[in-house]
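Asker: Could you have a look at this structure, given as structure tokens, before my questions?
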Amino acid sequence: MKGLEEFVYKMVDSQYEINLSKEVSELHPKRLRLQLNEHGLEPIYRYRKEIARFYTYKDDLRQELIYYMTKQTKNTIHHLNQFVHLTPQDEDSLINLYSQFVHVTLNGFRCSESFPVFKSHLRGSIDRHSSFLTHYLHTIRDAHIIRSDSFQPVVCHEYTPTLQLRLLGMQHSQIQEPILDIGCGSQGRLVRYFRDQGLEAYGVDRHVIQDLYLFEADWFEFPFLKNTWGTILSHMAFSNHFVHHHWRKDGQPEKYAEIYMNILESLRKKGSFFYVPGLPFIEEWLPSNRYRLQRTTIDRQPSFYSTQIMKR
């Protein structure tokens, strides 16, 4: 049944693709209406009974499908605004939402005895899901970030290793192993760059494609063990979010300050934390007998600089 699974996941991916191709304004919670990708509906109709039977009796595979759809939606939310943080409760609610959607959709697959009825049921299932998703986006902790009429995307980009190193102000002579890239991006480009040079490097990101050296985790969850890393770096990731929460009225700068200090404590002696943008509001409070601070101005703009913190 491997072929059937692949077919279902391809069908799911096509739905995300067609909806992500919309204008950002159409994905605003006040105007959200998910579109049904009608291309290829006939093959789905042809195998609807097999799909319903397969996922009804395979609880583990049905749960995998639910988690996959949940993860894709989380990716989409963060694609639109990287500063949205989904709490564990938010994530549980999203899982429940997709459990309900899968249940209703499979029931329609079982009961539809004609193509028009099948298509109508699927359209109705997606319309209901749009309504539930709209309600969900109004109830998450960071709802106010994405529900205003002036909503603008704050997207994530993955940059080339060369550009990242330049903006971080890093020289190869300053790098000590092992290396950790916080917010490495889904591809972990800089991590792969280091490893291609024979360096021991790892990356952590909430949306990374996991393997032996790339870990899927939020930086609030990742264990920053003391005296572990020779070099830690974060390009337009951790410190960017720290700045956002420092200025946000309902931000959580204290949580970021705690993680910041945990990161520094996880450095080995003479190890360094490189990041951009800089964090002047906390850097000035670091004890000089424990840490050495160096700033590198970027493109001759004094207010935009990278930072190296070396543990003495």
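Residue numbering restarts at 1 in every chain; chains get A, B, ... in the order shown in the structure tokens, and ligands count up from 1 in that same order.
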Hey, what's within 12 Å of A:Pro287 if we count only C-alpha atoms and toss same-chain stuff fewer than 2 positions away? As a list in words, please?

Answerer: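 Non-adjacent residues within range: Met261, Leu264, Ile282, Glu283, Glu284, Trp285, Asn289, Arg290, Tyr291, Arg292, Leu293, Ile309, Met310, Lys311 and Arg312 of chain A.
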
Asker: Show me, as a list in words, the residues that have an atom within 7 Å of A:Pro161 when counting only C-alpha atoms, minus same-chain residues fewer than 6 positions from it.

Answerer: Arg189, Leu190 and Tyr193 of chain A

Asker: Atoms to include: C-alpha atoms. Write the selected residues as a PDB file, in the first residue's frame.

Answerer:
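Output below, filename out05.pdb:
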ATOM      1  CA  ARG A 189      22.948  25.406   4.335  1.00  0.00           C
ATOM      2  CA  LEU A 190      25.674  26.808   6.567  1.00  0.00           C
ATOM      3  CA  TYR A 193      28.937  24.112   4.197  1.00  0.00           C
TER       4      TYR A 193
END

Asker: As a ChimeraX atom specification, please: every residue in stretch 16-167 of chain A that DSSP puts in alpha helix (DSSP H).

Answerer: /A:16-20,41-46,48-57,59-80,88-111,115-137,143-147,161-167

Asker: List the spatial neighbours of A:Arg248 as JSON, numbers by chain - criterion: any atom at most 12 Å away, only C-alpha atoms, same-chain residues fewer than 3 positions off excluded.

Answerer: {"A": [83, 142, 144, 145, 241, 242, 243, 244, 245, 251, 252, 253]}

Asker: Let me see the file: selected residues, N, CA, C and O atoms, as a PDB file, in the first residue's frame.

Answerer:
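Below you can see out_21.pdb, which holds the result:
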ATOM      1  N   PHE A  83       7.558  35.599  13.440  1.00  0.00           N
ATOM      2  CA  PHE A  83       7.512  35.950  14.848  1.00  0.00           C
ATOM      3  C   PHE A  83       6.343  35.308  15.594  1.00  0.00           C
ATOM      4  O   PHE A  83       6.231  35.439  16.813  1.00  0.00           O
ATOM      5  N   ASP A 142      -0.532  34.407  19.836  1.00  0.00           N
ATOM      6  CA  ASP A 142      -0.014  35.518  19.031  1.00  0.00           C
ATOM      7  C   ASP A 142      -0.994  35.948  17.941  1.00  0.00           C
ATOM      8  O   ASP A 142      -0.591  36.476  16.904  1.00  0.00           O
ATOM      9  N   HIS A 144      -2.945  38.427  17.574  1.00  0.00           N
ATOM     10  CA  HIS A 144      -2.981  39.846  17.197  1.00  0.00           C
ATOM     11  C   HIS A 144      -1.921  40.191  16.153  1.00  0.00           C
ATOM     12  O   HIS A 144      -2.054  41.173  15.428  1.00  0.00           O
ATOM     13  N   ILE A 145      -0.883  39.372  16.028  1.00  0.00           N
ATOM     14  CA  ILE A 145       0.183  39.660  15.061  1.00  0.00           C
ATOM     15  C   ILE A 145      -0.313  39.497  13.632  1.00  0.00           C
ATOM     16  O   ILE A 145       0.092  40.216  12.719  1.00  0.00           O
ATOM     17  N   HIS A 241      14.585  37.668  16.818  1.00  0.00           N
ATOM     18  CA  HIS A 241      13.384  37.440  17.622  1.00  0.00           C
ATOM     19  C   HIS A 241      13.509  38.099  18.992  1.00  0.00           C
ATOM     20  O   HIS A 241      12.507  38.593  19.536  1.00  0.00           O
ATOM     21  N   PHE A 242      14.716  38.088  19.543  1.00  0.00           N
ATOM     22  CA  PHE A 242      14.944  38.741  20.837  1.00  0.00           C
ATOM     23  C   PHE A 242      14.628  40.242  20.724  1.00  0.00           C
ATOM     24  O   PHE A 242      13.936  40.824  21.574  1.00  0.00           O
ATOM     25  N   VAL A 243      15.119  40.873  19.662  1.00  0.00           N
ATOM     26  CA  VAL A 243      14.837  42.300  19.433  1.00  0.00           C
ATOM     27  C   VAL A 243      13.326  42.526  19.323  1.00  0.00           C
ATOM     28  O   VAL A 243      12.766  43.459  19.910  1.00  0.00           O
ATOM     29  N   HIS A 244      12.657  41.660  18.565  1.00  0.00           N
ATOM     30  CA  HIS A 244      11.204  41.768  18.385  1.00  0.00           C
ATOM     31  C   HIS A 244      10.488  41.738  19.737  1.00  0.00           C
ATOM     32  O   HIS A 244       9.610  42.571  20.009  1.00  0.00           O
ATOM     33  N   HIS A 245      10.872  40.810  20.605  1.00  0.00           N
ATOM     34  CA  HIS A 245      10.202  40.686  21.904  1.00  0.00           C
ATOM     35  C   HIS A 245      10.620  41.791  22.865  1.00  0.00           C
ATOM     36  O   HIS A 245       9.845  42.155  23.753  1.00  0.00           O
ATOM     37  N   GLY A 251       5.583  41.252  24.704  1.00  0.00           N
ATOM     38  CA  GLY A 251       6.670  40.329  24.401  1.00  0.00           C
ATOM     39  C   GLY A 251       7.133  39.537  25.616  1.00  0.00           C
ATOM     40  O   GLY A 251       6.677  39.762  26.749  1.00  0.00           O
ATOM     41  N   GLN A 252       8.070  38.627  25.371  1.00  0.00           N
ATOM     42  CA  GLN A 252       8.634  37.790  26.428  1.00  0.00           C
ATOM     43  C   GLN A 252      10.156  37.934  26.451  1.00  0.00           C
ATOM     44  O   GLN A 252      10.883  36.946  26.306  1.00  0.00           O
ATOM     45  N   PRO A 253      10.656  39.151  26.635  1.00  0.00           N
ATOM     46  CA  PRO A 253      12.108  39.350  26.604  1.00  0.00           C
ATOM     47  C   PRO A 253      12.835  38.596  27.712  1.00  0.00           C
ATOM     48  O   PRO A 253      13.994  38.208  27.544  1.00  0.00           O
TER      49      PRO A 253
END

Asker: Between A:Ile51, A:Gly271, A:Thr134, A:Leu80, which one has atoms that come closest to A:Gly108, using only C-alpha atoms?

Answerer: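 Among A:Ile51, A:Gly271, A:Thr134, A:Leu80, it is A:Ile51 that comes nearest to A:Gly108.
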
Asker: Please indicate the distance in Å from atom CA of A:Leu214 to atom CA of A:Met170, rounded to one decimal place.

Answerer: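 Computing it gives 21.2 Å between the two atoms.
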
Asker: Could you tell me which of A:Arg195, A:Asp205, A:His79, A:Leu180 comes closest to A:Gly230 if we count only C-alpha atoms?

Answerer: A:Leu180

Asker: Let me make sure I understand: among A:His138, A:Arg268, A:Arg206, A:Arg46, which one has the smallest atom-to-atom distance to A:Lys71 if we use only C-alpha atoms?

Answerer: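 Smallest separation from A:Lys71 among the options: A:Arg206.
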
Asker: Pick the closest to A:Glu265 from A:Trp229, A:Tyr55, A:Tyr159, A:Tyr68: which is it, counting only C-alpha atoms?

Answerer: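 Under the stated criterion, the closest residue is A:Trp229.
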
Asker: Return the single residue from A:Glu158, A:Glu216, A:Asp181, A:Glu38 that is closest to A:Phe274, with distances computed using only C-alpha atoms.

Answerer: A:Asp181

Asker: Can you tell me, as a compact mmCIF listing (two decimals) with N, CA and C atoms, in the first residue's frame, what residues are no more than 12 Å from A:Gly278 when counting only C-alpha atoms, ignoring any on the same chain fewer than 2 positions away?

Answerer:
# COMPACT_ATOMS: atom_id res chain seq x y z
N LEU A 167 27.94 38.62 6.99
CA LEU A 167 27.12 39.42 7.90
C LEU A 167 27.43 39.10 9.37
N LEU A 168 27.80 37.86 9.64
CA LEU A 168 28.16 37.50 11.01
C LEU A 168 29.54 38.01 11.40
N GLY A 169 30.32 38.44 10.41
CA GLY A 169 31.66 38.92 10.68
C GLY A 169 32.61 37.83 11.12
N SER A 234 24.14 32.41 14.96
CA SER A 234 22.73 32.58 14.63
C SER A 234 22.58 33.80 13.73
N HIS A 235 22.27 33.53 12.46
CA HIS A 235 22.16 34.60 11.47
C HIS A 235 20.70 35.01 11.29
N MET A 236 20.36 36.22 11.70
CA MET A 236 19.01 36.78 11.53
C MET A 236 17.94 35.84 12.10
N ALA A 237 18.25 35.22 13.22
CA ALA A 237 17.32 34.25 13.80
C ALA A 237 17.07 34.59 15.27
N PHE A 238 17.83 33.98 16.18
CA PHE A 238 17.56 34.16 17.60
C PHE A 238 17.57 35.63 18.02
N SER A 239 18.62 36.36 17.67
CA SER A 239 18.70 37.76 18.11
C SER A 239 17.63 38.62 17.44
N ASN A 240 17.25 38.27 16.23
CA ASN A 240 16.18 38.99 15.54
C ASN A 240 14.87 38.87 16.32
N HIS A 241 14.59 37.67 16.82
CA HIS A 241 13.38 37.44 17.62
C HIS A 241 13.51 38.10 18.99
N PHE A 242 14.72 38.09 19.54
CA PHE A 242 14.94 38.74 20.84
C PHE A 242 14.63 40.24 20.72
N VAL A 243 15.12 40.87 19.66
CA VAL A 243 14.84 42.30 19.43
C VAL A 243 13.33 42.53 19.32
N PHE A 273 30.05 33.00 20.60
CA PHE A 273 28.69 33.09 20.08
C PHE A 273 28.66 34.27 19.10
N PHE A 274 28.44 33.97 17.80
CA PHE A 274 28.33 34.99 16.77
C PHE A 274 26.85 35.15 16.40
N TYR A 275 26.37 36.40 16.32
CA TYR A 275 24.99 36.60 15.92
C TYR A 275 24.80 37.98 15.29
N VAL A 276 23.75 38.08 14.52
CA VAL A 276 23.35 39.33 13.90
C VAL A 276 21.82 39.31 13.79
N PRO A 280 22.21 45.38 21.86
CA PRO A 280 22.86 46.33 22.78
C PRO A 280 22.23 46.38 24.16
N PHE A 281 20.91 46.09 24.26
CA PHE A 281 20.20 46.23 25.53
C PHE A 281 20.58 45.14 26.53
N ILE A 282 21.22 44.05 26.08
CA ILE A 282 21.67 43.03 27.03
C ILE A 282 23.19 42.90 27.03
N GLU A 283 23.82 43.22 25.90
CA GLU A 283 25.28 43.08 25.80
C GLU A 283 26.01 43.96 26.81
N GLU A 284 25.44 45.13 27.06
CA GLU A 284 26.12 46.07 27.97
C GLU A 284 26.13 45.58 29.41
N LEU A 293 33.44 41.09 24.45
CA LEU A 293 32.48 41.53 23.43
C LEU A 293 33.20 42.21 22.27
N GLN A 294 32.82 41.80 21.04
CA GLN A 294 33.36 42.48 19.85
C GLN A 294 32.22 42.70 18.86
N ARG A 295 32.10 43.93 18.38
CA ARG A 295 31.05 44.27 17.41
C ARG A 295 31.67 44.62 16.07
N THR A 296 30.98 44.23 15.00
CA THR A 296 31.44 44.52 13.65
C THR A 296 30.32 45.23 12.89
N THR A 297 30.56 46.49 12.54
CA THR A 297 29.56 47.27 11.80
C THR A 297 29.37 46.69 10.40
N ILE A 298 28.14 46.66 9.96
CA ILE A 298 27.81 46.08 8.65
C ILE A 298 27.46 47.20 7.68
N PRO A 302 26.19 52.17 11.61
CA PRO A 302 26.51 51.97 13.02
C PRO A 302 25.44 51.23 13.81
N SER A 303 24.17 51.41 13.44
CA SER A 303 23.10 50.77 14.19
C SER A 303 22.89 49.31 13.81
N PHE A 304 23.52 48.88 12.72
CA PHE A 304 23.37 47.49 12.27
C PHE A 304 24.73 46.82 12.34
N TYR A 305 24.86 45.93 13.30
CA TYR A 305 26.16 45.30 13.50
C TYR A 305 25.99 43.84 13.93
N SER A 306 27.05 43.07 13.75
CA SER A 306 27.09 41.70 14.26
C SER A 306 27.90 41.69 15.54
N THR A 307 27.69 40.66 16.32
CA THR A 307 28.34 40.55 17.63
C THR A 307 29.06 39.21 17.77
N GLN A 308 30.22 39.26 18.38
CA GLN A 308 30.92 38.05 18.83
C GLN A 308 31.09 38.16 20.35
N ILE A 309 30.57 37.17 21.06
CA ILE A 309 30.78 37.08 22.50
C ILE A 309 31.70 35.89 22.75

Asker: Contacts of A:Tyr98 at 10 Å or less, counting only C-alpha atoms, minus same-chain residues fewer than 3 places along, as a ChimeraX atom specification?

Answerer: /A:63,65-70,73,93-95,101-104,129,132-133

Asker: Tell me, as a ChimeraX atom specification, which residues lie within 8 Å of A:Gly203, counting only C-alpha atoms; anything in the same chain fewer than 5 positions away does not count.

Answerer: /A:180-184,188,191,213-215

Asker: Would you save the residues from that selection as a short mmCIF file (atom, residue, chain, number, x, y, z; two decimals), in the first residue's frame, using N, CA and C atoms?

Answerer:
data_model
loop_
_atom_site.label_atom_id
_atom_site.label_comp_id
_atom_site.auth_asym_id
_atom_site.auth_seq_id
_atom_site.Cartn_x
_atom_site.Cartn_y
_atom_site.Cartn_z
N LEU A 180 27.45 24.96 16.39
CA LEU A 180 25.99 24.88 16.42
C LEU A 180 25.40 26.11 15.76
N ASP A 181 24.53 25.89 14.77
CA ASP A 181 23.81 26.98 14.10
C ASP A 181 22.37 26.99 14.62
N ILE A 182 22.01 28.06 15.34
CA ILE A 182 20.67 28.19 15.90
C ILE A 182 19.77 28.92 14.89
N GLY A 183 18.68 28.26 14.47
CA GLY A 183 17.83 28.81 13.42
C GLY A 183 18.49 28.61 12.07
N CYS A 184 18.93 27.38 11.81
CA CYS A 184 19.75 27.07 10.63
C CYS A 184 18.97 27.05 9.33
N GLY A 188 19.55 23.85 6.30
CA GLY A 188 20.80 23.85 7.06
C GLY A 188 22.01 24.13 6.19
N VAL A 191 25.40 24.79 7.89
CA VAL A 191 25.86 23.55 8.55
C VAL A 191 26.48 22.62 7.51
N TYR A 213 22.61 15.38 11.86
CA TYR A 213 23.23 16.59 12.40
C TYR A 213 22.33 17.82 12.32
N LEU A 214 21.08 17.64 11.93
CA LEU A 214 20.11 18.73 11.91
C LEU A 214 18.93 18.32 12.80
N PHE A 215 18.65 19.14 13.81
CA PHE A 215 17.64 18.79 14.81
C PHE A 215 16.43 19.71 14.69
#

Asker: Using only C-alpha atoms, determine which residues lie at most 9 Å from A:Asp13, disregarding the query and same-chain residues fewer than 4 positions distant; provide the list as a PDB file with C-alpha atoms, in the first residue's frame.

Answerer:
ATOM      1  CA  VAL A   8      -2.400  10.655  -0.624  1.00  0.00           C
ATOM      2  CA  TYR A   9       0.614  12.737   0.436  1.00  0.00           C
ATOM      3  CA  GLU A  17       0.823  24.446  -3.092  1.00  0.00           C
ATOM      4  CA  ILE A  18      -2.306  25.885  -4.670  1.00  0.00           C
ATOM      5  CA  MET A  69      -0.804  18.219   7.758  1.00  0.00           C
ATOM      6  CA  GLN A  72       2.635  21.841   6.937  1.00  0.00           C
TER       7      GLN A  72
END

Asker: Measuring atom to atom with only C-alpha atoms, identify which of A:Leu34, A:Ile179, A:Ala52, A:Glu6 is nearest to A:Gly198.

Answerer: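 Closest to A:Gly198 of all the choices is A:Ile179.
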
Asker: Stretch 248-295 of chain A: which residues are strand (DSSP E or B) by DSSP, as a VMD selection string?

Answerer: chain A and resid 267 to 276 291 to 295

Asker: Could you save those same residues with N, CA, C and O atoms as a PDB file, in the first residue's frame?

Answerer:
ATOM      1  N   LEU A 267      28.884  27.473  25.928  1.00  0.00           N
ATOM      2  CA  LEU A 267      30.162  27.596  25.235  1.00  0.00           C
ATOM      3  C   LEU A 267      31.289  26.998  26.065  1.00  0.00           C
ATOM      4  O   LEU A 267      31.292  27.063  27.295  1.00  0.00           O
ATOM      5  N   ARG A 268      32.262  26.422  25.372  1.00  0.00           N
ATOM      6  CA  ARG A 268      33.484  25.998  26.037  1.00  0.00           C
ATOM      7  C   ARG A 268      34.358  27.225  26.300  1.00  0.00           C
ATOM      8  O   ARG A 268      34.111  28.306  25.766  1.00  0.00           O
ATOM      9  N   LYS A 269      35.386  27.073  27.102  1.00  0.00           N
ATOM     10  CA  LYS A 269      36.314  28.163  27.354  1.00  0.00           C
ATOM     11  C   LYS A 269      36.936  28.612  26.039  1.00  0.00           C
ATOM     12  O   LYS A 269      37.354  27.788  25.222  1.00  0.00           O
ATOM     13  N   LYS A 270      36.974  29.918  25.802  1.00  0.00           N
ATOM     14  CA  LYS A 270      37.462  30.541  24.568  1.00  0.00           C
ATOM     15  C   LYS A 270      36.511  30.335  23.393  1.00  0.00           C
ATOM     16  O   LYS A 270      36.821  30.726  22.268  1.00  0.00           O
ATOM     17  N   GLY A 271      35.356  29.716  23.648  1.00  0.00           N
ATOM     18  CA  GLY A 271      34.361  29.555  22.593  1.00  0.00           C
ATOM     19  C   GLY A 271      33.610  30.847  22.345  1.00  0.00           C
ATOM     20  O   GLY A 271      33.597  31.749  23.193  1.00  0.00           O
ATOM     21  N   SER A 272      32.952  30.964  21.176  1.00  0.00           N
ATOM     22  CA  SER A 272      32.298  32.221  20.789  1.00  0.00           C
ATOM     23  C   SER A 272      30.880  32.005  20.305  1.00  0.00           C
ATOM     24  O   SER A 272      30.561  30.980  19.676  1.00  0.00           O
ATOM     25  N   PHE A 273      30.053  33.005  20.603  1.00  0.00           N
ATOM     26  CA  PHE A 273      28.692  33.091  20.075  1.00  0.00           C
ATOM     27  C   PHE A 273      28.658  34.268  19.099  1.00  0.00           C
ATOM     28  O   PHE A 273      28.867  35.415  19.492  1.00  0.00           O
ATOM     29  N   PHE A 274      28.438  33.969  17.804  1.00  0.00           N
ATOM     30  CA  PHE A 274      28.326  34.990  16.766  1.00  0.00           C
ATOM     31  C   PHE A 274      26.851  35.152  16.400  1.00  0.00           C
ATOM     32  O   PHE A 274      26.163  34.158  16.154  1.00  0.00           O
ATOM     33  N   TYR A 275      26.374  36.403  16.320  1.00  0.00           N
ATOM     34  CA  TYR A 275      24.990  36.602  15.916  1.00  0.00           C
ATOM     35  C   TYR A 275      24.805  37.979  15.289  1.00  0.00           C
ATOM     36  O   TYR A 275      25.606  38.894  15.480  1.00  0.00           O
ATOM     37  N   VAL A 276      23.745  38.080  14.519  1.00  0.00           N
ATOM     38  CA  VAL A 276      23.348  39.331  13.897  1.00  0.00           C
ATOM     39  C   VAL A 276      21.823  39.307  13.790  1.00  0.00           C
ATOM     40  O   VAL A 276      21.253  38.263  13.460  1.00  0.00           O
ATOM     41  N   TYR A 291      33.147  37.436  29.848  1.00  0.00           N
ATOM     42  CA  TYR A 291      32.906  37.461  28.409  1.00  0.00           C
ATOM     43  C   TYR A 291      33.601  38.653  27.760  1.00  0.00           C
ATOM     44  O   TYR A 291      33.655  39.738  28.344  1.00  0.00           O
ATOM     45  N   ARG A 292      34.107  38.421  26.548  1.00  0.00           N
ATOM     46  CA  ARG A 292      34.694  39.508  25.767  1.00  0.00           C
ATOM     47  C   ARG A 292      33.766  39.828  24.604  1.00  0.00           C
ATOM     48  O   ARG A 292      33.356  38.927  23.860  1.00  0.00           O
ATOM     49  N   LEU A 293      33.436  41.087  24.447  1.00  0.00           N
ATOM     50  CA  LEU A 293      32.479  41.533  23.435  1.00  0.00           C
ATOM     51  C   LEU A 293      33.199  42.208  22.273  1.00  0.00           C
ATOM     52  O   LEU A 293      34.066  43.066  22.480  1.00  0.00           O
ATOM     53  N   GLN A 294      32.825  41.801  21.038  1.00  0.00           N
ATOM     54  CA  GLN A 294      33.358  42.476  19.852  1.00  0.00           C
ATOM     55  C   GLN A 294      32.219  42.698  18.863  1.00  0.00           C
ATOM     56  O   GLN A 294      31.462  41.779  18.552  1.00  0.00           O
ATOM     57  N   ARG A 295      32.104  43.934  18.376  1.00  0.00           N
ATOM     58  CA  ARG A 295      31.054  44.273  17.414  1.00  0.00           C
ATOM     59  C   ARG A 295      31.671  44.622  16.069  1.00  0.00           C
ATOM     60  O   ARG A 295      32.733  45.246  16.016  1.00  0.00           O
TER      61      ARG A 295
END
